[in-house]
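The structure appears right after this line, and notes come after that.
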Number of protein chains: 2
Amino acid sequence: MPESDAGARPVRQPTIRDVAERAGVSKSLVSLVLREAPHVSDSRRRVVLEAIAELGYRPNAHARGLSRTRSDTVGVLLHDLRNPWFVELLEGLSATLHTAGLSPLLADSYTDRRIGRRSVEALVHQGIDGLVVVGTTPESEAIQTAAESIPVVLAGTRDPNLPGMDIVVDDDDAGARSATRHLIELGHRHIAHLRGPGEIGTLRLAGFRAAMADAGLDPDEFSENGGMSEESGYAATRRLLAGDNRPTGIFAFNDLAAIGALSAAADQGLSVPADLSVVGYDNSYLARIRHISLTSVDNGNLAVGVQAGKYLIERLEASVQLQRIHLVPTSLEVRGSTAPPGTAR
Amino acid sequence: MPESDAGARPVRQPTIRDVAERAGVSKSLVSLVLREAPHVSDSRRRVVLEAIAELGYRPNAHARGLSRTRSDTVGVLLHDLRNPWFVELLEGLSATLHTAGLSPLLADSYTDRRIGRRSVEALVHQGIDGLVVVGTTPESEAIQTAAESIPVVLAGTRDPNLPGMDIVVDDDDAGARSATRHLIELGHRHIAHLRGPGEIGTLRLAGFRAAMADAGLDPDEFSENGGMSEESGYAATRRLLAGDNRPTGIFAFNDLAAIGALSAAADQGLSVPADLSVVGYDNSYLARIRHISLTSVDNGNLAVGVQAGKYLIERLEASVQLQRIHLVPTSLEVRGSTAPPGTAR
DNA sequence: GGACAAATATAGACCGTTCCATATTGAGGC
DNA sequence: GCCTCAATATGGAACGGTCTATATTTGTCC
């Protein structure tokens, strides 16, 4: 026996033909058993299953993907894993897809972009049946291209707002209103909003303004662009607190920016919530950390994920034409970062 | 324009044959152009590339995967996206894989497990050429099975420690020593360690003990199982601070547990770092948040990712037999959560 | 000018499935 | 006993690439 036989042999994986031969049936029948098709006799089914077990047969995904039109796989485009607000959304989405026999395939557009990879193309290239875009990513053109061949659903983002794609988001206007009203009801009169980017930023700003106007307050007394990061929330709040006309309450675009605001307050020797109340948005696990304990708008991400999954499944099953927009209700989670103005510690 | 044209037509993707026809060449030549093979004349190459562009042709991954042995795709198994320590690791890994023409395919074993999906199997099923396990996941058996057919590299974890798999981790023993020494050098004598789970937990504990013993201190004066979460760090620290023999310094298994410790200290009215110093591990972005400003051991995750990528590429190219273990050096990032004991604010 | 090698192009088998069209079998119904 | 229909089983053509073996063209050297 030649020694080259020893470890070099790559041990070809058994194929459906090997199984068929071993079971003494046609490969078609094996295929039917695998797909749990009806009209297969119990006796044959058993024989085939035994052969599969004995050979340790595993179907080849590429071959299957090639001959079937569908791959039962859905691409999920994430962006910036550093900000883990999407985790619950992903859970709802995965669970829903799973009920329809679909598997999610994740891609991280942030990292991909840094290393010069086009993540949407890579996903499509993997043969995904549909795409769920989670959160705002900078790949609009690629997403649009993808939408020409497969269904696309946007979850937790409104950009890019293109005709063929469903959108599932929380009700940003309502969420922003409730956050603002919370501060107003606590007695705050001088309230700032740290604005965020994109369509969502615009809507949250609108909600803030509406709530302020409803209460007869000036929404634009303080206005700062807070961006999405802790850094920018910090910088914006520093600016706000620099003058002697200071807000007593801040409603930030998201939790990260709100945490930046907390830091800025601490820097100025202001204590939260005694001297300054802060409200965030996303109700991420960051807000829940005791050390931070941030009042925050919960955007129902689990529900967003579930609905996005449903929309995608519908589009996969029937060719839905029109864009649909689903708003998930928000709720306010009150924690230790808000109190009436001037409250003693 | 008939409205039925809008979205209903599934528009069959052009194939290599369509391109060949359009360019007036054989499909073999198109294939050669796609693979950038030598011995193709410039004129023909140009014609083919034009046809590709005009038709918007995209090669079909399944077909390619079927006829080639390799898919140039590497599965990356993540666990618990809530704790985003792995982000930099992923960046190093993706970049390295990319240089070898490999694409990462992500899976989230935490969510998958919740919904009853076997993520490793799903990845293998997608036809990945190799697997990188990032962080500790509970899928040991499945990983072992996968290792029988494809190369597996563990990054940022030592479990499951099985013969055929390379391991890339930071030097936990050294990292734990440096964190402990830092506290000792600041003058702390009563130091607690919040223990973490697994092999890594054991090593960090060992490093802590060694550093304490070197300084002639009792390593087991305080001993708590801190777990991996903020919650468990909080609970453990509550217990430590309950008695009147209190530690003045705490070295936690990871940043999350350390943040739990910060919260517990605040609950007890102890100020950090004046009354209690806290050191974390991972140097995650949480530690960097100003509001938290946690001294933490940096485990060089970027380098871990890079090395894991290199190992995998090597295993893909040559059949490496033996297990290799690569230790990445750690460094201590000192921030505001540590100071000499009893320091005035 | 012919021989030979190198460069370039092509045909067609093959990868491992799915699934359609076509047997084959068995059970009733008349 | 024959015909029909349903239930089972099978052969073989896709699916869209890669790659080997072979054909054709071009260039070089005597």
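In the structure tokens, chains take the letters A, B, ... in the order shown, each chain's residues start at 1, and ligands count up from 1 in the order shown.
Any residue of chain C with an atom no more than 10 Å from chain B counts as a contact; using only C-alpha atoms (C1' of nucleotides), that gives DA6, DA7, DT8, DA9, DT10, DA11, DC14, DC15, DG16 and DT17 of chain C.
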Writer output for current selection, N, CA and C atoms (P, O5', C5', C4', C3', O3' and C1' of nucleotides), as a tab-separated table (two decimals), in the first residue's frame:
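The resulting file, again19.tsv, is shown below:
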```tsv
chain	number	residue	atom	x	y	z
C	6	DA	P	7.92	26.07	-25.71
C	6	DA	O5'	7.03	27.36	-25.94
C	6	DA	C5'	7.60	28.50	-26.57
C	6	DA	C4'	6.51	29.51	-26.81
C	6	DA	C3'	5.57	29.71	-25.61
C	6	DA	O3'	5.42	31.10	-25.42
C	6	DA	C1'	4.32	29.14	-27.54
C	7	DA	P	4.44	31.68	-24.29
C	7	DA	O5'	3.18	32.08	-25.16
C	7	DA	C5'	3.35	32.94	-26.29
C	7	DA	C4'	2.02	33.15	-26.96
C	7	DA	C3'	0.88	33.54	-26.00
C	7	DA	O3'	0.16	34.61	-26.61
C	7	DA	C1'	0.25	31.65	-27.26
C	8	DT	P	-1.02	35.35	-25.82
C	8	DT	O5'	-2.28	34.54	-26.35
C	8	DT	C5'	-2.63	34.69	-27.72
C	8	DT	C4'	-3.74	33.74	-28.07
C	8	DT	C3'	-5.04	33.92	-27.29
C	8	DT	O3'	-6.01	34.35	-28.21
C	8	DT	C1'	-4.53	31.65	-27.63
C	9	DA	P	-7.46	34.77	-27.72
C	9	DA	O5'	-8.26	33.42	-27.98
C	9	DA	C5'	-8.62	33.07	-29.32
C	9	DA	C4'	-9.30	31.72	-29.31
C	9	DA	C3'	-10.61	31.64	-28.53
C	9	DA	O3'	-11.65	31.42	-29.48
C	9	DA	C1'	-9.21	29.76	-28.09
C	10	DT	P	-13.17	31.25	-28.94
C	10	DT	O5'	-13.24	29.68	-28.82
C	10	DT	C5'	-12.93	28.88	-29.97
C	10	DT	C4'	-13.14	27.42	-29.62
C	10	DT	C3'	-14.47	27.12	-28.92
C	10	DT	O3'	-15.15	26.15	-29.68
C	10	DT	C1'	-12.67	26.09	-27.78
C	11	DA	P	-16.70	25.94	-29.50
C	11	DA	O5'	-16.73	24.37	-29.26
C	11	DA	C5'	-15.71	23.56	-29.86
C	11	DA	C4'	-15.67	22.21	-29.17
C	11	DA	C3'	-17.01	21.70	-28.65
C	11	DA	O3'	-17.04	20.31	-28.92
C	11	DA	C1'	-15.46	21.89	-26.85
C	14	DC	P	-17.13	12.72	-17.56
C	14	DC	O5'	-17.25	13.75	-16.36
C	14	DC	C5'	-16.06	14.40	-15.87
C	14	DC	C4'	-16.47	15.47	-14.90
C	14	DC	C3'	-17.54	15.06	-13.88
C	14	DC	O3'	-16.97	15.11	-12.59
C	14	DC	C1'	-17.95	17.22	-14.78
C	15	DC	P	-17.60	14.26	-11.41
C	15	DC	O5'	-17.95	15.41	-10.38
C	15	DC	C5'	-17.00	16.39	-9.99
C	15	DC	C4'	-17.73	17.54	-9.37
C	15	DC	C3'	-18.99	17.12	-8.62
C	15	DC	O3'	-18.71	17.00	-7.23
C	15	DC	C1'	-19.37	19.06	-10.01
C	16	DG	P	-19.26	15.68	-6.47
C	16	DG	O5'	-20.75	16.11	-6.10
C	16	DG	C5'	-20.92	17.24	-5.26
C	16	DG	C4'	-22.38	17.57	-5.16
C	16	DG	C3'	-23.26	16.40	-4.76
C	16	DG	O3'	-24.24	16.90	-3.86
C	16	DG	C1'	-24.02	17.28	-6.79
C	17	DT	P	-25.18	15.95	-3.01
C	17	DT	O5'	-26.49	16.82	-2.94
C	17	DT	C5'	-27.58	16.54	-3.79
C	17	DT	C4'	-28.09	17.82	-4.37
C	17	DT	C3'	-29.57	17.78	-4.68
C	17	DT	O3'	-30.27	18.51	-3.68
C	17	DT	C1'	-28.30	18.51	-6.58
```
Problem - Long-range neighbours of Arg114 of chain B as a list of chain:residue names, 12 Å cut-off, only C-alpha atoms (C1' of nucleotides), 6 positions minimum in chain - result: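 Neighbouring residues, sequence-local ones excluded: A:Glu88, A:Leu90, A:Glu91, A:Gly92, A:Ser94, A:Ala95, A:His98, B:His79, B:Asp80, B:Asp108, B:Pro138.
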Practice task
First superpose chain B onto chain A using a least-squares fit over all Cα atoms taken in order; then report the RMSD in Å.
Solution key: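 Answer to one decimal place: 1.3 Å.
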Practice task
Write out as a ChimeraX atom specification every residue belonging to chain A that has an atom at most 8 Å from any atom of chain B, counting only C-alpha atoms.
Solution key: /A:59-63,65-66,81-82,84,87,90-91,94-95,98,103,105-107,111-112,115,122,125-127,149,164,230,259-260,262-263,266,285,289-292,319,321
Tell me the residues of chain D close to chain B, meaning within 8 Å using only C-alpha atoms (C1' of nucleotides), as a PDB file with N, CA and C atoms (P, O5', C5', C4', C3', O3' and C1' of nucleotides), in the first residue's frame.
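Now in iface_0.pdb:
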```
ATOM      1  P    DC D  15     -31.377  25.616 -17.628  1.00  0.00           P
ATOM      2  O5'  DC D  15     -30.597  25.853 -16.260  1.00  0.00           O
ATOM      3  C5'  DC D  15     -31.264  25.858 -15.020  1.00  0.00           C
ATOM      4  C4'  DC D  15     -30.246  25.861 -13.911  1.00  0.00           C
ATOM      5  C3'  DC D  15     -28.977  26.638 -14.264  1.00  0.00           C
ATOM      6  O3'  DC D  15     -29.094  27.951 -13.747  1.00  0.00           O
ATOM      7  C1'  DC D  15     -28.520  24.583 -13.094  1.00  0.00           C
ATOM      8  P    DG D  16     -28.735  29.156 -14.732  1.00  0.00           P
ATOM      9  O5'  DG D  16     -27.176  29.291 -14.477  1.00  0.00           O
ATOM     10  C5'  DG D  16     -26.720  29.607 -13.181  1.00  0.00           C
ATOM     11  C4'  DG D  16     -25.234  29.388 -13.119  1.00  0.00           C
ATOM     12  C3'  DG D  16     -24.440  30.091 -14.220  1.00  0.00           C
ATOM     13  O3'  DG D  16     -23.271  30.614 -13.637  1.00  0.00           O
ATOM     14  C1'  DG D  16     -23.902  27.839 -14.196  1.00  0.00           C
ATOM     15  P    DG D  17     -22.504  31.792 -14.343  1.00  0.00           P
ATOM     16  O5'  DG D  17     -21.068  31.689 -13.625  1.00  0.00           O
ATOM     17  C5'  DG D  17     -19.994  31.026 -14.231  1.00  0.00           C
ATOM     18  C4'  DG D  17     -19.568  29.859 -13.374  1.00  0.00           C
ATOM     19  C3'  DG D  17     -18.165  29.352 -13.654  1.00  0.00           C
ATOM     20  O3'  DG D  17     -17.264  29.940 -12.723  1.00  0.00           O
ATOM     21  C1'  DG D  17     -19.746  27.547 -13.615  1.00  0.00           C
ATOM     22  P    DT D  18     -15.732  29.983 -13.081  1.00  0.00           P
ATOM     23  O5'  DT D  18     -15.273  28.458 -13.022  1.00  0.00           O
ATOM     24  C5'  DT D  18     -15.143  27.826 -11.763  1.00  0.00           C
ATOM     25  C4'  DT D  18     -14.463  26.490 -11.945  1.00  0.00           C
ATOM     26  C3'  DT D  18     -13.042  26.568 -12.498  1.00  0.00           C
ATOM     27  O3'  DT D  18     -12.288  25.565 -11.838  1.00  0.00           O
ATOM     28  C1'  DT D  18     -14.362  25.249 -13.928  1.00  0.00           C
TER      29       DT D  18
END
```
Practice task
From segment 83-163 of chain B, collect each residue whose DSSP state is strand (DSSP E) and return the set as a PyMOL selection string.
Solution key: chain B and resi 103-108+130-134+152-155
Handout entry: Separation of atom CA of His326 of chain A from atom CA of Val306 of chain A in Å
Key = 11.3 Å
Exercise for the section: From a DSSP pass on the backbone, collect the residues of segment 154-279 of chain A flagged as alpha helix (DSSP H) and hand them back as a ChimeraX atom specification. Expected result: /A:172-185,198-214,230-242,255-267
Problem - Contacts of Glu185 of chain B within 12 Å, only C-alpha atoms (C1' of nucleotides), excl. fewer than 3 positions in-chain, as a PyMOL selection string - result: chain B and resi 177-182+188-189+191+211-212+215+249+338-341
Exercise for the section: Measuring atom to atom with only C-alpha atoms, identify which of B:Ala100, B:Leu270, B:Ala210, B:Ala192 is nearest to Ala252 of chain B. Expected result: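 Ranking B:Ala100, B:Leu270, B:Ala210, B:Ala192 by distance to Ala252 of chain B, first place goes to B:Ala192.
Residues within 12 Å of DC20 of chain C, counting only C-alpha atoms (C1' of nucleotides) and excluding same-chain residues fewer than 2 positions away, are Ser28 of chain A; DT18 and DT22 of chain C; DT10, DG11, DG12, DA13 and DA14 of chain D.
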Practice task
Extract, using only C-alpha atoms (C1' of nucleotides), all DNA, RNA and protein residues at most 12 Å from Val47 of chain B, discarding same-chain residues fewer than 2 positions from it, and format them as a list in words.
Solution key: Val19, Ala20, Glu21, Arg22, Ala23, Gly24, Val25, Leu29, Val30, Val33, Val40, Ser41, Asp42, Ser43, Arg44, Arg45, Leu49, Glu50, Ala51, Ile52, Ala53 and Glu54 of chain B
Practice task
Tell me which protein, DNA and RNA residues are within 9 Å of segment 202-205 of chain A, counting only C-alpha atoms (C1' of nucleotides), leaving out same-chain ones fewer than 2 positions away, and put them as a PyMOL selection string.
Solution key: chain A and resi 171-177+193-200+207-210+253
Exercise for the section: Would you work out the distance separating atom CA of Ala235 of chain A from atom CA of Ser296 of chain B, expressed in Å to one decimal? Expected result: 24.2 Å
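Note that atom CA of Val132 of chain B and atom CA of Leu154 of chain B are 5.8 Å apart.
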Problem - Non-local contacts of Leu322 of chain B (10 Å; only C-alpha atoms (C1' of nucleotides); under 6 positions in same chain excluded) as a VMD selection string - result: chain B and resid 163 to 166
